[in-house]
file structure22.cif (mmCIF, C-alpha atoms)
data_protein
#
loop_
_atom_site.group_PDB
_atom_site.id
_atom_site.type_symbol
_atom_site.label_atom_id
_atom_site.label_comp_id
_atom_site.auth_asym_id
_atom_site.auth_seq_id
_atom_site.Cartn_x
_atom_site.Cartn_y
_atom_site.Cartn_z
ATOM 1 C CA MET I 4 -16.882 0.424 -8.596
ATOM 2 C CA ASP I 5 -18.540 3.775 -7.818
ATOM 3 C CA ARG I 6 -16.483 6.962 -7.966
ATOM 4 C CA MET I 7 -16.976 10.176 -5.990
ATOM 5 C CA LYS I 8 -15.139 13.399 -6.800
ATOM 6 C CA ASN I 9 -13.245 15.111 -3.990
ATOM 7 C CA LEU I 10 -12.565 18.827 -3.680
ATOM 8 C CA ASP I 11 -8.838 18.279 -4.263
ATOM 9 C CA ASP I 12 -9.592 16.727 -7.669
ATOM 10 C CA ILE I 13 -8.447 13.279 -6.549
ATOM 11 C CA ILE I 14 -11.131 10.676 -7.176
ATOM 12 C CA SER I 15 -12.013 8.385 -4.270
ATOM 13 C CA VAL I 16 -12.999 4.904 -5.400
ATOM 14 C CA PRO I 17 -14.851 2.835 -2.778
ATOM 15 C CA PHE I 18 -15.433 -0.870 -3.252
ATOM 16 C CA SER I 19 -18.939 -1.489 -4.562
ATOM 17 C CA LYS I 20 -20.131 -5.088 -4.439
ATOM 18 C CA THR I 21 -23.060 -4.251 -6.706
ATOM 19 C CA ARG I 22 -20.953 -2.611 -9.401
ATOM 20 C CA CYS I 23 -18.314 -5.369 -9.229
ATOM 21 C CA GLY I 24 -21.003 -8.029 -9.564
ATOM 22 C CA VAL I 25 -19.937 -10.063 -6.518
ATOM 23 C CA ASN I 26 -21.425 -10.661 -3.078
ATOM 24 C CA PHE I 27 -18.158 -10.323 -1.168
ATOM 25 C CA TYR I 28 -15.648 -7.497 -0.756
ATOM 26 C CA ILE I 29 -13.268 -9.220 -3.162
ATOM 27 C CA ASN I 30 -13.055 -9.621 -6.911
ATOM 28 C CA THR I 31 -10.598 -10.837 -9.509
ATOM 29 C CA GLY I 32 -10.485 -10.859 -13.283
ATOM 30 C CA SER I 33 -8.396 -9.802 -16.266
ATOM 31 C CA SER I 34 -7.582 -6.550 -18.024
ATOM 32 C CA SER I 35 -10.113 -7.371 -20.734
ATOM 33 C CA ASP I 36 -12.858 -7.181 -18.084
ATOM 34 C CA VAL I 37 -11.953 -3.652 -16.954
ATOM 35 C CA CYS I 38 -10.125 -2.028 -19.881
ATOM 36 C CA GLY I 39 -10.062 1.741 -19.353
ATOM 37 C CA VAL I 40 -10.454 1.731 -15.580
ATOM 38 C CA LEU I 41 -6.815 2.680 -14.857
ATOM 39 C CA THR I 42 -6.874 5.878 -16.913
ATOM 40 C CA GLU I 43 -10.534 6.836 -16.531
ATOM 41 C CA HIS I 44 -9.436 9.527 -14.057
ATOM 42 C CA LYS I 45 -6.141 11.420 -13.873
ATOM 43 C CA ARG I 46 -5.651 10.626 -10.173
ATOM 44 C CA PHE I 47 -7.581 8.356 -7.844
ATOM 45 C CA LYS I 48 -7.449 6.492 -4.536
ATOM 46 C CA THR I 49 -9.254 3.363 -3.395
ATOM 47 C CA ASP I 50 -10.356 2.074 -0.005
ATOM 48 C CA PHE I 51 -9.236 -1.454 -0.896
ATOM 49 C CA PHE I 52 -6.107 -3.376 -1.839
ATOM 50 C CA ASN I 53 -5.271 -3.420 -5.572
ATOM 51 C CA PHE I 54 -2.967 -6.172 -6.835
ATOM 52 C CA TYR I 55 -2.024 -6.291 -10.515
ATOM 53 C CA PHE I 56 -0.335 -9.374 -11.961
ATOM 54 C CA ILE I 57 0.980 -7.836 -15.169
ATOM 55 C CA HIS I 58 1.972 -10.036 -18.098
ATOM 56 C CA LYS I 59 2.489 -7.279 -20.695
ATOM 57 C CA ALA I 60 3.208 -3.708 -19.631
ATOM 58 C CA ASN I 61 4.045 -0.226 -20.867
ATOM 59 C CA GLY I 62 4.527 3.215 -19.342
ATOM 60 C CA PHE I 63 4.693 3.914 -15.636
ATOM 61 C CA LEU I 64 2.630 4.443 -12.504
ATOM 62 C CA LEU I 65 2.904 7.459 -10.208
ATOM 63 C CA LEU I 66 2.111 6.020 -6.796
ATOM 64 C CA ASN I 67 1.779 8.968 -4.447
ATOM 65 C CA PHE I 68 5.068 10.757 -5.273
ATOM 66 C CA ARG I 69 7.016 7.719 -6.597
ATOM 67 C CA LYS I 70 7.478 6.779 -10.223
ATOM 68 C CA ILE I 71 7.205 3.028 -10.791
ATOM 69 C CA PRO I 72 8.306 1.949 -14.300
ATOM 70 C CA LEU I 73 6.205 -0.948 -15.540
ATOM 71 C CA GLN I 74 7.600 -4.048 -17.210
ATOM 72 C CA ASP I 75 6.454 -7.506 -18.223
ATOM 73 C CA ASN I 76 5.908 -9.981 -15.363
ATOM 74 C CA ILE I 77 5.788 -7.294 -12.681
ATOM 75 C CA ILE I 78 3.314 -7.526 -9.801
ATOM 76 C CA LEU I 79 1.996 -4.333 -8.195
ATOM 77 C CA LEU I 80 0.871 -4.689 -4.574
ATOM 78 C CA LEU I 81 -0.983 -1.463 -3.770
ATOM 79 C CA SER I 82 -2.400 -0.689 -0.340
ATOM 80 C CA PRO I 83 -5.585 1.338 0.276
ATOM 81 C CA HIS I 84 -5.580 5.151 0.107
ATOM 82 C CA GLN I 85 -2.492 5.470 -2.066
ATOM 83 C CA GLN I 86 -2.792 7.988 -4.872
ATOM 84 C CA GLN I 87 -2.550 6.368 -8.296
ATOM 85 C CA GLU I 88 -1.814 8.135 -11.590
ATOM 86 C CA TRP I 89 -1.366 5.724 -14.490
ATOM 87 C CA HIS I 90 0.631 6.755 -17.584
ATOM 88 C CA VAL I 91 -0.057 3.750 -19.808
ATOM 89 C CA ASP I 92 -1.774 2.612 -22.999
ATOM 90 C CA GLU I 93 -4.329 0.228 -21.511
ATOM 91 C CA SER I 94 -5.173 -1.305 -24.868
ATOM 92 C CA GLN I 95 -1.639 -2.712 -24.969
ATOM 93 C CA MET I 96 -1.589 -4.042 -21.408
ATOM 94 C CA GLN I 97 -2.376 -7.566 -20.258
ATOM 95 C CA TYR I 98 -2.850 -8.358 -16.582
ATOM 96 C CA ASN I 99 -4.924 -10.120 -13.969
ATOM 97 C CA PHE I 100 -6.158 -8.153 -10.988
ATOM 98 C CA LEU I 101 -7.179 -8.889 -7.427
ATOM 99 C CA ILE I 102 -9.033 -6.339 -5.304
ATOM 100 C CA PHE I 103 -10.298 -6.832 -1.769
ATOM 101 C CA ARG I 104 -11.094 -4.873 1.356
ATOM 102 C CA GLU I 105 -9.175 -5.570 4.526
ATOM 103 C CA ASP I 106 -12.347 -6.357 6.456
ATOM 104 C CA PHE I 107 -13.217 -9.139 4.005
ATOM 105 C CA MET I 108 -11.074 -11.584 5.988
ATOM 106 C CA ARG I 109 -11.886 -10.448 9.517
ATOM 107 C CA THR I 110 -14.830 -12.779 10.052
ATOM 108 C CA PHE I 111 -12.598 -15.726 9.258
ATOM 109 C CA LEU I 112 -9.227 -14.608 10.670
ATOM 110 C CA ALA I 113 -8.832 -13.861 14.367
ATOM 111 C CA ASP I 114 -5.536 -12.032 13.702
ATOM 112 C CA LYS I 115 -6.592 -8.411 13.130
ATOM 113 C CA PHE I 116 -2.974 -7.432 12.422
ATOM 114 C CA PHE I 117 -2.598 -9.890 9.552
ATOM 115 C CA VAL I 118 -2.158 -7.323 6.751
ATOM 116 C CA TYR I 119 0.518 -5.534 8.806
ATOM 117 C CA ARG I 120 2.495 -8.781 8.867
ATOM 118 C CA LEU I 121 2.714 -8.654 5.076
ATOM 119 C CA LEU I 122 5.966 -6.932 4.179
ATOM 120 C CA TYR I 123 4.516 -5.313 1.059
ATOM 121 C CA CYS I 124 1.549 -3.679 2.825
ATOM 122 C CA TYR I 125 1.732 -0.232 4.418
ATOM 123 C CA GLN I 126 5.496 0.100 3.940
ATOM 124 C CA THR I 127 7.786 2.821 2.617
ATOM 125 C CA ASP I 128 11.369 1.512 2.320
ATOM 126 C CA THR I 129 10.866 -1.000 -0.490
ATOM 127 C CA LEU I 130 8.709 -0.680 -3.579
ATOM 128 C CA PRO I 131 5.332 -2.437 -3.592
ATOM 129 C CA THR I 132 6.460 -4.426 -6.616
ATOM 130 C CA LEU I 133 7.601 -7.973 -7.236
ATOM 131 C CA ILE I 134 9.136 -9.550 -10.333
ATOM 132 C CA ALA I 135 7.761 -13.062 -10.697
ATOM 133 C CA SER I 136 9.109 -16.016 -12.608
ATOM 134 C CA GLN I 137 6.868 -17.825 -15.066
ATOM 135 C CA GLU I 138 6.423 -20.611 -12.522
ATOM 136 C CA GLU I 139 5.424 -18.164 -9.785
ATOM 137 C CA GLN I 140 3.043 -16.344 -12.116
ATOM 138 C CA SER I 141 1.446 -19.657 -12.998
ATOM 139 C CA VAL I 142 0.824 -20.461 -9.318
ATOM 140 C CA TYR I 143 -0.624 -17.003 -8.616
ATOM 141 C CA ASN I 144 -2.902 -17.149 -11.650
ATOM 142 C CA ARG I 145 -4.083 -20.623 -10.665
ATOM 143 C CA LEU I 146 -5.117 -19.339 -7.233
ATOM 144 C CA LEU I 147 -6.828 -16.307 -8.768
ATOM 145 C CA GLY I 148 -8.721 -18.634 -11.089
ATOM 146 C CA LEU I 149 -9.939 -20.715 -8.156
ATOM 147 C CA ILE I 150 -11.130 -17.581 -6.357
ATOM 148 C CA LYS I 151 -12.939 -16.437 -9.507
ATOM 149 C CA GLN I 152 -14.598 -19.826 -9.850
ATOM 150 C CA GLU I 153 -16.031 -19.567 -6.320
ATOM 151 C CA LEU I 154 -17.242 -16.011 -6.965
ATOM 152 C CA GLN I 155 -18.986 -17.011 -10.166
ATOM 153 C CA HIS I 156 -20.542 -20.186 -8.740
ATOM 154 C CA PRO I 157 -20.981 -19.562 -5.002
ATOM 155 C CA SER I 158 -22.151 -22.223 -2.580
ATOM 156 C CA ALA I 159 -22.597 -22.428 1.186
ATOM 157 C CA ASP I 160 -18.874 -22.822 1.884
ATOM 158 C CA SER I 161 -17.572 -20.410 -0.784
ATOM 159 C CA TYR I 162 -16.638 -17.685 1.696
ATOM 160 C CA ASN I 163 -14.381 -20.009 3.694
ATOM 161 C CA ILE I 164 -12.778 -21.377 0.541
ATOM 162 C CA ILE I 165 -12.155 -17.909 -0.913
ATOM 163 C CA VAL I 166 -10.584 -16.624 2.305
ATOM 164 C CA SER I 167 -8.405 -19.730 2.521
ATOM 165 C CA LEU I 168 -7.196 -19.237 -1.047
ATOM 166 C CA LEU I 169 -6.569 -15.538 -0.460
ATOM 167 C CA TYR I 170 -4.720 -16.229 2.789
ATOM 168 C CA TYR I 171 -2.449 -18.721 1.042
ATOM 169 C CA LEU I 172 -1.839 -16.386 -1.900
ATOM 170 C CA LEU I 173 -0.937 -13.410 0.321
ATOM 171 C CA LEU I 174 1.469 -15.446 2.449
ATOM 172 C CA LEU I 175 3.081 -17.028 -0.601
ATOM 173 C CA MET I 176 3.700 -13.604 -2.132
ATOM 174 C CA ASN I 177 5.012 -12.356 1.219
ATOM 175 C CA ARG I 178 7.593 -15.152 1.266
ATOM 176 C CA ASN I 179 8.684 -14.333 -2.282
ATOM 177 C CA TYR I 180 8.705 -10.588 -1.530
ATOM 178 C CA ALA I 181 10.967 -11.133 1.496
ATOM 179 C CA ARG I 182 13.361 -13.182 -0.616
ATOM 180 C CA PHE I 183 13.284 -10.649 -3.484
ATOM 181 C CA TYR I 184 14.212 -7.705 -1.205
ATOM 182 C CA ASN I 185 16.286 -9.725 1.274
ATOM 183 C CA LEU I 186 13.999 -8.836 4.188
ATOM 184 C CA PRO I 187 13.812 -10.668 7.537
ATOM 185 C CA VAL I 188 11.252 -13.427 7.871
ATOM 186 C CA ASP I 189 11.582 -14.209 11.572
ATOM 187 C CA ILE I 190 8.653 -15.866 13.277
ATOM 188 C CA ALA I 191 7.055 -13.193 15.452
ATOM 189 C CA ARG I 192 7.296 -13.757 19.196
ATOM 190 C CA ASN I 193 4.690 -11.029 19.811
ATOM 191 C CA ASN I 194 2.501 -8.505 17.972
ATOM 192 C CA TYR I 195 4.377 -5.363 19.026
ATOM 193 C CA ALA I 196 5.882 -4.560 15.616
ATOM 194 C CA PHE I 197 2.583 -5.055 13.800
ATOM 195 C CA ARG I 198 0.620 -3.077 16.372
ATOM 196 C CA PHE I 199 3.196 -0.297 16.047
ATOM 197 C CA LYS I 200 2.692 -0.286 12.281
ATOM 198 C CA GLU I 201 -1.066 -0.031 12.746
ATOM 199 C CA LEU I 202 -0.663 2.837 15.228
ATOM 200 C CA LEU I 203 1.536 4.702 12.748
ATOM 201 C CA GLU I 204 -1.253 4.587 10.168
ATOM 202 C CA ARG I 205 -3.583 6.230 12.673
ATOM 203 C CA HIS I 206 -1.361 8.636 14.617
ATOM 204 C CA VAL I 207 1.800 9.532 12.694
ATOM 205 C CA ARG I 208 0.664 13.127 12.143
ATOM 206 C CA ASP I 209 0.073 13.653 15.843
ATOM 207 C CA VAL I 210 2.591 11.384 17.563
ATOM 208 C CA GLN I 211 6.233 11.471 16.479
ATOM 209 C CA ARG I 212 8.123 10.019 19.429
ATOM 210 C CA VAL I 213 8.843 6.300 19.669
ATOM 211 C CA GLU I 214 8.510 6.532 23.443
ATOM 212 C CA GLU I 215 4.872 7.561 23.107
ATOM 213 C CA TYR I 216 4.080 4.598 20.853
ATOM 214 C CA ALA I 217 5.818 2.300 23.327
ATOM 215 C CA ARG I 218 3.643 3.798 26.066
ATOM 216 C CA MET I 219 0.509 3.130 23.989
ATOM 217 C CA LEU I 220 1.600 -0.490 23.695
ATOM 218 C CA GLY I 221 2.505 -0.777 27.382
ATOM 219 C CA ILE I 222 6.131 -1.728 26.695
ATOM 220 C CA SER I 223 9.562 -0.089 26.824
ATOM 221 C CA ARG I 224 11.159 1.671 23.869
ATOM 222 C CA VAL I 225 13.904 -0.980 23.824
ATOM 223 C CA THR I 226 11.350 -3.801 23.585
ATOM 224 C CA LEU I 227 9.504 -2.029 20.776
ATOM 225 C CA ASN I 228 12.699 -1.322 18.869
ATOM 226 C CA ASP I 229 13.851 -4.929 19.175
ATOM 227 C CA ALA I 230 10.484 -6.181 17.876
ATOM 228 C CA VAL I 231 10.510 -3.807 14.886
ATOM 229 C CA LYS I 232 14.111 -4.682 13.978
ATOM 230 C CA SER I 233 13.329 -8.388 14.159
ATOM 231 C CA GLN I 234 10.302 -8.129 11.857
ATOM 232 C CA PHE I 235 11.201 -5.317 9.445
ATOM 233 C CA GLY I 236 14.984 -5.017 9.637
ATOM 234 C CA VAL I 237 14.939 -1.310 10.611
ATOM 235 C CA SER I 238 14.621 0.647 13.834
ATOM 236 C CA ALA I 239 11.288 1.882 15.160
ATOM 237 C CA SER I 240 12.504 5.453 14.731
ATOM 238 C CA HIS I 241 13.373 4.850 11.075
ATOM 239 C CA LEU I 242 9.991 3.265 10.366
ATOM 240 C CA MET I 243 8.188 6.175 12.020
ATOM 241 C CA LYS I 244 10.199 8.891 10.235
ATOM 242 C CA GLN I 245 9.749 7.248 6.831
ATOM 243 C CA ARG I 246 6.007 6.970 7.402
ATOM 244 C CA LEU I 247 5.901 10.626 8.473
ATOM 245 C CA LEU I 248 7.806 11.656 5.333
ATOM 246 C CA GLU I 249 5.293 9.741 3.222
ATOM 247 C CA ASP I 250 2.430 11.877 4.531
ATOM 248 C CA LEU I 251 4.464 15.088 4.412
ATOM 249 C CA LYS I 252 5.374 14.591 0.749
ATOM 250 C CA ASN I 253 1.791 13.838 -0.205
ATOM 251 C CA GLU I 254 0.477 16.942 1.569
ATOM 252 C CA LEU I 255 3.232 19.094 0.076
ATOM 253 C CA LEU I 256 2.518 17.937 -3.476
ATOM 254 C CA PHE I 257 -1.238 17.433 -3.480
ATOM 255 C CA SER I 258 -2.674 20.067 -1.139
ATOM 256 C CA ASP I 259 -2.665 23.877 -1.086
ATOM 257 C CA ASN I 260 -1.203 24.071 2.431
ATOM 258 C CA ASN I 261 1.770 26.383 2.908
ATOM 259 C CA ILE I 262 4.777 25.513 5.079
ATOM 260 C CA SER I 263 3.270 27.065 8.209
ATOM 261 C CA GLN I 264 0.071 25.064 7.746
ATOM 262 C CA LEU I 265 2.042 21.872 7.168
ATOM 263 C CA ALA I 266 4.022 22.508 10.349
ATOM 264 C CA ASP I 267 0.788 22.963 12.302
ATOM 265 C CA ASP I 268 -0.875 19.897 10.774
ATOM 266 C CA PHE I 269 2.113 17.677 11.544
ATOM 267 C CA ARG I 270 2.699 19.072 15.047
ATOM 268 C CA PHE I 271 6.081 20.667 14.364
ATOM 269 C CA SER I 272 6.742 23.386 16.932
ATOM 270 C CA ASP I 273 8.057 25.749 14.268
ATOM 271 C CA PRO I 274 8.136 25.794 10.430
ATOM 272 C CA SER I 275 11.948 25.893 10.583
ATOM 273 C CA HIS I 276 11.927 22.522 12.380
ATOM 274 C CA LEU I 277 9.799 21.050 9.576
ATOM 275 C CA MET I 278 12.128 22.454 6.914
ATOM 276 C CA ARG I 279 15.203 21.109 8.705
ATOM 277 C CA PHE I 280 13.618 17.649 9.125
ATOM 278 C CA PHE I 281 12.610 17.499 5.451
ATOM 279 C CA LYS I 282 16.021 18.624 4.168
ATOM 280 C CA GLN I 283 17.812 16.169 6.443
ATOM 281 C CA HIS I 284 15.856 13.185 5.140
ATOM 282 C CA THR I 285 15.421 14.101 1.458
ATOM 283 C CA GLY I 286 18.443 16.284 0.683
ATOM 284 C CA LYS I 287 16.057 18.899 -0.735
ATOM 285 C CA THR I 288 14.126 21.866 0.553
ATOM 286 C CA LEU I 289 10.349 21.669 0.458
ATOM 287 C CA LEU I 290 10.268 24.099 -2.477
ATOM 288 C CA GLN I 291 12.945 22.199 -4.417
ATOM 289 C CA TYR I 292 11.118 18.918 -3.913
ATOM 290 C CA LYS I 293 7.830 20.353 -5.157
ATOM 291 C CA GLN I 294 9.441 22.081 -8.132
ATOM 292 C CA ASP I 295 11.232 18.864 -9.140
ATOM 293 C CA TYR I 296 7.948 16.953 -9.056
ATOM 294 C CA MET I 297 6.204 19.599 -11.165
ATOM 295 C CA ASN I 298 9.072 19.321 -13.662
ATOM 296 C CA GLY I 299 8.677 15.546 -13.939
ATOM 297 C CA ILE I 300 11.560 14.620 -11.652
ATOM 298 C CA TYR I 301 10.163 11.827 -9.488
ATOM 299 C CA GLU I 302 11.580 9.498 -6.862
#
call {"tool": "encode", "arguments": {"input": "structure22.cif", "output": "structure tokens"}}
result
Amino acid sequence: MDRMKNLDDIISVPFSKTRCGVNFYINTGSSSDVCGVLTEHKRFKTDFFNFYFIHKANGFLLLNFRKIPLQDNIILLLSPHQQQEWHVDESQMQYNFLIFREDFMRTFLADKFFVYRLLYCYQTDTLPTLIASQEEQSVYNRLLGLIKQELQHPSADSYNIIVSLLYYLLLLMNRNYARFYNLPVDIARNNYAFRFKELLERHVRDVQRVEEYARMLGISRVTLNDAVKSQFGVSASHLMKQRLLEDLKNELLFSDNNISQLADDFRFSDPSHLMRFFKQHTGKTLLQYKQDYMNGIYE
């Protein structure tokens, strides 16, 4: 996996098929294959999904601004472009990993909103973690082993088999994730909620009114809100504000922008409106939040 240094001192890690030794935008293996990769750089982001099926753990992960304590039998389900800062002794960790780019499945799957249907992808309310039983870990590892076997010994139908295995694995974990966090698992009657989630990833800095997203989708605000509540258990407004806070916190902590610049970048009409919004939803001022983070007080 090639690494390119950014000006903000956060390393961007794109998926490299050549470096990973595979012909597809997917790979899996164990910690012994990649020992040292988690702490090679202080902070880094990837343009692919990173799933870690951890058997033996220590330390913690700073994921964007959140502190995630690590423990045995935890699964980390990390989406692309999230900042990772690992505080671990890798020599004492044991895990299997799965990495893949979203576009890996697109040739095979007609549903372009598939990853947005997964409750652990591109979300903010619940942690991207799952505690698995020994039985569940065994099933996951079996599927990872089958994917690895196809990657190591590819044949004409390997792509279809790998995507099928990945599809099954992702849906199985989604079912267990929903049960673990008591999230709704209603069968979707339409794609509105998932399309809304995709639009948030693209426009949340510029568009901060649910009505405008409803207009983009060609539906009413009520219809959009009903769809989001049915799929994610929260209102469309809540989902949008939490996603906006995610970006605001990251910019506050990991950029040199002052409050006026942040207000401009996030389309707040006045810096005071930004400060009021942030205090209302975090209980802290922007300065307090940043000082707490610098002092090791994390979410």
call {"tool": "resolve_selection", "arguments": {"input": "structure22.cif", "expression": "the PyMOL selection byres ((chain I and resi 268-270) around 8)", "output": "list of chain:residue names"}}
result
I:Arg208, I:Asp209, I:Leu251, I:Gln264, I:Leu265, I:Ala266, I:Asp267, I:Phe271, I:Ser272
call {"tool": "residues_near_point", "arguments": {"input": "structure22.cif", "point": "(-13.9, -20.0, 6.7)", "cutoff": "12 Å", "atoms": "only C-alpha atoms", "output": "list in words"}}
result
Phe107, Met108, Arg109, Thr110, Phe111, Leu112, Ala113, Ala159, Asp160, Ser161, Tyr162, Asn163, Ile164, Ile165, Val166, Ser167, Leu168, Leu169 and Tyr170 of chain I
call {"tool": "closest_residue", "arguments": {"input": "structure22.cif", "among": "I:Lys48, I:Leu130, I:Glu105, I:Tyr119", "to": "Ile78 of chain I", "atoms": "only C-alpha atoms"}}
result
I:Leu130
call {"tool": "residues_around", "arguments": {"input": "structure22.cif", "residues": "Lys293 of chain I", "least_positions_apart": "5", "cutoff": "9 Å", "atoms": "all atoms listed in the file", "output": "ChimeraX atom specification"}}
result
/I:252,255-256,288,298
call {"tool": "residues_near_point", "arguments": {"input": "structure22.cif", "point": "(-4.8, -5.1, -15.4)", "cutoff": "7 Å", "atoms": "all atoms listed in the file", "output": "ChimeraX atom specification"}}
result
/I:33-34,55,57,96-100
call {"tool": "resolve_selection", "arguments": {"input": "structure22.cif", "expression": "the PyMOL selection byres ((chain I and resi 188) around 10)", "output": "PDB file with C-alpha atoms, in the coordinates of the input"}}
result
ATOM      1  CA  ARG I 120       2.495  -8.781   8.867  1.00  0.00           C
ATOM      2  CA  LEU I 122       5.966  -6.932   4.179  1.00  0.00           C
ATOM      3  CA  ASN I 177       5.012 -12.356   1.219  1.00  0.00           C
ATOM      4  CA  ARG I 178       7.593 -15.152   1.266  1.00  0.00           C
ATOM      5  CA  ALA I 181      10.967 -11.133   1.496  1.00  0.00           C
ATOM      6  CA  ARG I 182      13.361 -13.182  -0.616  1.00  0.00           C
ATOM      7  CA  ASN I 185      16.286  -9.725   1.274  1.00  0.00           C
ATOM      8  CA  LEU I 186      13.999  -8.836   4.188  1.00  0.00           C
ATOM      9  CA  PRO I 187      13.812 -10.668   7.537  1.00  0.00           C
ATOM     10  CA  ASP I 189      11.582 -14.209  11.572  1.00  0.00           C
ATOM     11  CA  ILE I 190       8.653 -15.866  13.277  1.00  0.00           C
ATOM     12  CA  ALA I 191       7.055 -13.193  15.452  1.00  0.00           C
ATOM     13  CA  SER I 233      13.329  -8.388  14.159  1.00  0.00           C
ATOM     14  CA  GLN I 234      10.302  -8.129  11.857  1.00  0.00           C
ATOM     15  CA  PHE I 235      11.201  -5.317   9.445  1.00  0.00           C
ATOM     16  CA  GLY I 236      14.984  -5.017   9.637  1.00  0.00           C
TER      17      GLY I 236
END
call {"tool": "closest_residue", "arguments": {"input": "structure22.cif", "among": "I:Pro72, I:Thr129, I:Asn228, I:Gly299", "to": "Gln245 of chain I", "atoms": "all atoms listed in the file"}}
result
I:Thr129
call {"tool": "resolve_selection", "arguments": {"input": "structure22.cif", "expression": "the PyMOL selection byres ((chain I and resi 289) around 12)", "output": "number ranges by chain"}}
result
I: 248, 251-256, 260-263, 265-266, 274-275, 277-288, 290-296
